[in-house]
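Below is entry_7.txt, holding compact mmCIF, C-alpha atoms.
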```
# COMPACT_ATOMS: atom_id res chain seq x y z
CA MET L 80 28.50 19.61 73.10
CA ASN L 81 29.50 20.06 69.49
CA THR L 82 33.04 19.37 68.35
CA PRO L 83 34.65 21.99 66.10
CA ASP L 84 34.05 19.76 63.05
CA GLN L 85 30.39 19.29 63.98
CA GLN L 86 30.01 23.06 64.41
CA LEU L 87 31.56 23.73 60.99
CA THR L 88 29.21 21.21 59.40
CA GLU L 89 26.21 22.76 61.17
CA ASN L 90 27.29 26.24 60.05
CA LYS L 91 27.66 25.16 56.42
CA LEU L 92 24.28 23.44 56.54
CA THR L 93 22.77 26.59 58.06
CA ILE L 94 24.00 28.66 55.12
CA LEU L 95 22.69 26.06 52.67
CA TYR L 96 19.35 25.90 54.48
CA ILE L 97 18.91 29.69 54.29
CA LEU L 98 19.55 29.55 50.54
CA GLN L 99 17.15 26.67 50.16
CA GLN L 100 14.39 28.59 51.93
CA LYS L 101 15.01 31.92 50.16
CA ASP L 102 16.17 30.72 46.68
CA THR L 103 18.52 33.67 46.12
CA VAL L 104 20.00 35.83 48.88
CA SER L 105 22.24 38.86 48.51
CA ALA L 106 25.61 38.62 50.23
CA ILE L 107 24.69 41.57 52.43
CA GLU L 108 21.33 40.12 53.45
CA LEU L 109 22.90 36.74 54.22
CA SER L 110 25.62 38.35 56.30
CA ASP L 111 23.18 40.59 58.16
CA PHE L 112 20.92 37.68 59.10
CA ILE L 113 23.65 35.21 60.10
CA VAL L 114 25.68 37.67 62.15
CA PHE L 115 22.61 39.31 63.75
CA LYS L 116 21.29 35.92 64.86
CA GLY L 117 24.72 34.98 66.20
CA TYR L 118 24.98 31.76 64.20
CA MET L 119 28.60 32.61 63.38
CA ASP L 120 30.86 35.61 63.00
CA TYR L 121 31.33 37.41 59.68
CA PHE L 122 34.77 35.98 58.94
CA THR L 123 33.76 32.39 59.65
CA MET L 124 30.74 32.88 57.39
CA GLN L 125 32.93 34.25 54.56
CA GLU L 126 35.34 31.32 54.87
CA LEU L 127 32.49 28.81 54.76
CA ILE L 128 30.90 30.53 51.76
CA GLU L 129 34.22 30.23 49.92
CA GLU L 130 34.33 26.51 50.78
CA LEU L 131 30.73 26.03 49.61
CA LEU L 132 31.50 27.87 46.36
CA TYR L 133 34.61 25.73 45.82
CA ALA L 134 32.61 22.55 46.48
CA GLU L 135 30.03 23.80 43.94
CA LEU L 136 27.21 23.59 46.47
CA ILE L 137 26.34 27.27 45.93
CA LEU L 138 26.78 29.79 43.11
CA ASP L 139 27.73 33.46 43.32
CA MET L 140 25.28 35.29 41.06
CA ASP L 141 26.93 38.73 40.99
CA GLY L 142 26.72 39.45 44.72
CA SER L 143 23.87 37.06 45.52
CA TYR L 144 24.06 33.39 46.37
CA THR L 145 21.90 30.51 45.24
CA LEU L 146 22.00 26.73 45.72
CA THR L 147 23.18 24.33 43.07
CA PRO L 148 21.22 21.10 42.61
CA MET L 149 23.97 19.29 44.53
CA GLY L 150 23.74 21.86 47.36
CA ASP L 151 19.98 21.35 47.50
CA GLU L 152 20.47 17.60 47.73
CA VAL L 153 23.04 17.96 50.54
CA VAL L 154 20.86 20.23 52.68
CA THR L 155 17.75 18.11 52.08
CA THR L 156 19.64 14.99 53.14
CA PHE L 157 21.33 16.48 56.22
CA ARG L 158 18.91 19.18 57.42
CA TYR L 159 18.27 17.17 60.60
CA ARG L 160 21.78 18.20 61.73
CA ILE L 161 20.58 21.81 62.02
CA PRO L 162 18.89 22.41 65.39
CA ASN L 163 15.11 22.80 65.14
CA SER L 164 15.28 26.24 66.74
CA ILE L 165 17.60 27.51 63.98
CA ARG L 166 15.47 25.95 61.24
CA ASP L 167 12.38 27.58 62.76
CA GLU L 168 14.10 31.01 62.83
CA ILE L 169 15.22 30.62 59.21
CA ASN L 170 11.74 29.53 58.11
CA GLU L 171 10.20 32.55 59.82
CA TYR L 172 12.81 34.84 58.29
CA ALA L 173 12.19 33.42 54.79
CA ARG L 174 8.43 33.73 55.22
CA THR L 175 8.43 37.30 56.52
CA SER L 176 11.21 38.66 54.30
CA ALA L 177 9.31 37.51 51.22
CA TYR L 178 6.89 40.37 51.87
CA ARG L 179 9.52 43.08 51.87
CA ARG L 180 12.54 43.95 49.85
CA SER L 181 15.54 41.89 50.87
CA SER L 182 17.45 45.02 51.62
CA MET L 183 16.64 48.69 51.84
CA LEU L 184 20.16 49.92 51.24
CA GLU L 185 20.49 53.58 50.44
CA ALA L 186 23.42 55.90 49.97
CA ASP L 187 23.43 59.30 51.62
CA CYS L 188 25.99 61.95 52.38
CA GLU L 189 25.95 64.41 55.24
CA ILE L 190 27.85 67.68 54.78
CA GLU L 191 29.11 69.87 57.60
CA ARG L 192 31.00 73.15 57.26
CA THR L 193 34.33 73.24 59.11
CA GLU L 194 37.09 75.84 59.48
CA GLN L 195 39.12 74.04 56.79
CA GLY L 196 36.27 73.52 54.31
CA TYR L 197 33.62 70.82 54.41
CA ALA L 198 33.47 67.48 56.20
CA LEU L 199 31.53 64.81 54.33
CA ASN L 200 30.17 61.64 55.90
CA CYS L 201 29.26 59.27 53.06
CA ILE L 202 27.07 56.51 54.49
CA ILE L 203 25.18 53.41 53.48
CA ARG L 204 22.05 52.67 55.48
CA ASP L 205 20.06 49.48 55.63
CA TYR L 206 16.65 50.53 56.78
CA ASP L 207 17.52 52.99 59.54
CA HIS L 208 20.93 51.78 60.70
CA VAL L 209 24.29 52.72 59.24
CA VAL L 210 26.21 49.74 57.81
CA PHE L 211 29.06 51.74 56.26
CA SER L 212 30.54 55.19 56.78
CA LEU L 213 33.31 57.01 54.93
CA SER L 214 34.58 60.40 56.06
CA LEU L 215 36.01 62.77 53.46
CA HIS L 216 37.10 66.39 53.26
CA ALA L 217 36.25 68.87 50.52
CA PRO L 218 37.96 72.26 50.27
CA ASP L 219 34.87 74.15 49.11
CA GLU L 220 31.09 73.93 48.86
CA GLU L 221 31.04 73.14 45.14
CA LYS L 222 33.30 70.10 45.53
CA ALA L 223 31.41 68.96 48.63
CA PHE L 224 28.08 68.94 46.80
CA ALA L 225 29.64 67.29 43.73
CA VAL L 226 30.95 64.44 45.92
CA ARG L 227 27.58 64.15 47.67
CA ASN L 228 25.75 63.91 44.34
CA ARG L 229 28.13 61.26 42.99
CA TRP L 230 27.89 59.29 46.25
CA GLN L 231 24.11 59.34 46.13
CA GLN L 232 24.21 58.09 42.53
CA ARG L 233 27.04 55.55 42.80
CA GLY L 234 27.51 54.88 46.51
CA LEU L 235 25.72 51.52 46.50
CA THR L 236 27.85 50.29 43.60
CA ILE L 237 31.03 51.51 45.31
CA PHE L 238 29.97 49.85 48.58
CA ARG L 239 29.16 46.52 46.88
CA ASN L 240 32.46 46.56 44.98
CA LEU L 241 34.36 47.32 48.19
CA MET L 242 32.62 44.51 50.06
CA SER L 243 33.35 42.15 47.16
CA GLU L 244 37.04 43.07 47.27
CA LEU L 245 37.18 42.56 51.04
CA ARG L 246 35.64 39.08 50.72
CA GLN L 247 38.35 37.86 48.33
```
Would you kindly transcribe this structure into structure tokens?
Amino acid sequence: MNTPDQQLTENKLTILYILQQKDTVSAIELSDFIVFKGYMDYFTMQELIEELLYAELILDMDGSYTLTPMGDEVVTTFRYRIPNSIRDEINEYARTSAYRRSSMLEADCEIERTEQGYALNCIIRDYDHVVFSLSLHAPDEEKAFAVRNRWQQRGLTIFRNLMSELRQ
């Protein structure tokens, strides 16, 4: 059974190992993979990323992470502390994700007429699942379609900026 310190070390090494196998990984892609696989929860991952950044083992390249030479040395030296099953999953992920875009994020906006005007559901999808949703109200059709058009043009930037602010 792992002690809390051993688990933290394993989690940090897992993040470093993913970056070693993928070179550069967007923050969203890293979060999606780690949380989906159940390696750690989102907040633990964010805390560990901050620690790895502070220790200069990884770099934040405008919303994507990459290893520093020191980070590469650490993960190469201590990779044996990551269970084989996790390393195998990461290797498979790195191999298969190399053949597709790292993320298929898209911004869309659904408009529905209501008694008070228009209800807008501004969403961000990754492939076919919703990762973010924002509900707004517009008083008339013209404003509703103007918001939808701006969201479709700038929604990904807004989403990335929001996620960046929430990570701080």
Checklist entry - From the list L:Arg174, L:Arg166, L:Lys101, L:Arg239, which residue is nearest L:Val210 when using all atoms listed in the file? => result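 The closest residue to L:Val210 is L:Arg239.
Taking atom CA of L:Asp102 and atom CA of L:Ser164 as the two end points, the separation is 20.6 Å.
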Checklist outcome for this item: Taken to one decimal, the atom CA of L:Arg204-atom CA of L:Ile128 distance is 24.1 Å
Next on the checklist: Just the number, please: distance in Å from atom CA of L:Ala186 to atom CA of L:Ile202, one decimal.
Outcome noted: 5.8 Å
I'd like the box whose edges run along x, y and z of the file and which contains every listed atom of stretch 84-98 of chain L, padded by 8 Å per side; could you state its centre and edge lengths in Å, one decimal, as AutoDock Vina command-line options?
```
--center_x 26.5 --center_y 24.5 --center_z 57.5 --size_x 31.1 --size_y 26.4 --size_z 29.9
```
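In this comparison, which uses all atoms listed in the file, the residue of L:His216, L:Tyr197, L:Ile107, L:Gln125 approaching L:Leu235 most closely is L:Ile107.
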Might you pull out every residue within 12 Å of L:His208, with only C-alpha atoms counted and same-chain residues fewer than 2 positions away left off, and present them as a PDB file with C-alpha atoms, in the frame of the given file?
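Writing the result to part.pdb gives the following:
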```pdb
ATOM      1  CA  ASP L 111      23.180  40.590  58.160  1.00  0.00           C
ATOM      2  CA  SER L 182      17.450  45.020  51.620  1.00  0.00           C
ATOM      3  CA  MET L 183      16.640  48.690  51.840  1.00  0.00           C
ATOM      4  CA  LEU L 184      20.160  49.920  51.240  1.00  0.00           C
ATOM      5  CA  GLU L 185      20.490  53.580  50.440  1.00  0.00           C
ATOM      6  CA  ALA L 186      23.420  55.900  49.970  1.00  0.00           C
ATOM      7  CA  ILE L 202      27.070  56.510  54.490  1.00  0.00           C
ATOM      8  CA  ILE L 203      25.180  53.410  53.480  1.00  0.00           C
ATOM      9  CA  ARG L 204      22.050  52.670  55.480  1.00  0.00           C
ATOM     10  CA  ASP L 205      20.060  49.480  55.630  1.00  0.00           C
ATOM     11  CA  TYR L 206      16.650  50.530  56.780  1.00  0.00           C
ATOM     12  CA  VAL L 210      26.210  49.740  57.810  1.00  0.00           C
ATOM     13  CA  PHE L 211      29.060  51.740  56.260  1.00  0.00           C
ATOM     14  CA  SER L 212      30.540  55.190  56.780  1.00  0.00           C
TER      15      SER L 212
END
```
Which residues of stretch 126-179 of chain L sit at most 9 Å from stretch 83-89 of chain L, using all atoms listed in the file? Give each one's shortest atom pair and distance in Å (one decimal place), in chain and ascending residue order, as a Markdown table.
```
| residue | atom | partner | partner_atom | distance |
| --- | --- | --- | --- | --- |
| L:Leu127 | CA | L:Leu87 | CA | 8.1 |
| L:Arg158 | CA | L:Glu89 | CA | 9.0 |
| L:Arg160 | CA | L:Glu89 | CA | 6.4 |
| L:Ile161 | CA | L:Glu89 | CA | 5.8 |
| L:Pro162 | CA | L:Glu89 | CA | 8.5 |
```
Checklist entry - With all atoms listed in the file as the basis for distance, which of L:Ala223, L:Ala106, L:Leu245, L:Leu92 is at the shortest distance from L:Leu131? => result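 The closest residue to L:Leu131 is L:Leu92.
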Next on the checklist: Between L:Val104, L:Cys188, L:Leu136, L:Leu241, which residue has the minimum interatomic distance to L:Lys91, considering all atoms listed in the file?
Outcome noted: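 The shortest atom-to-atom distance to L:Lys91 comes from L:Leu136.
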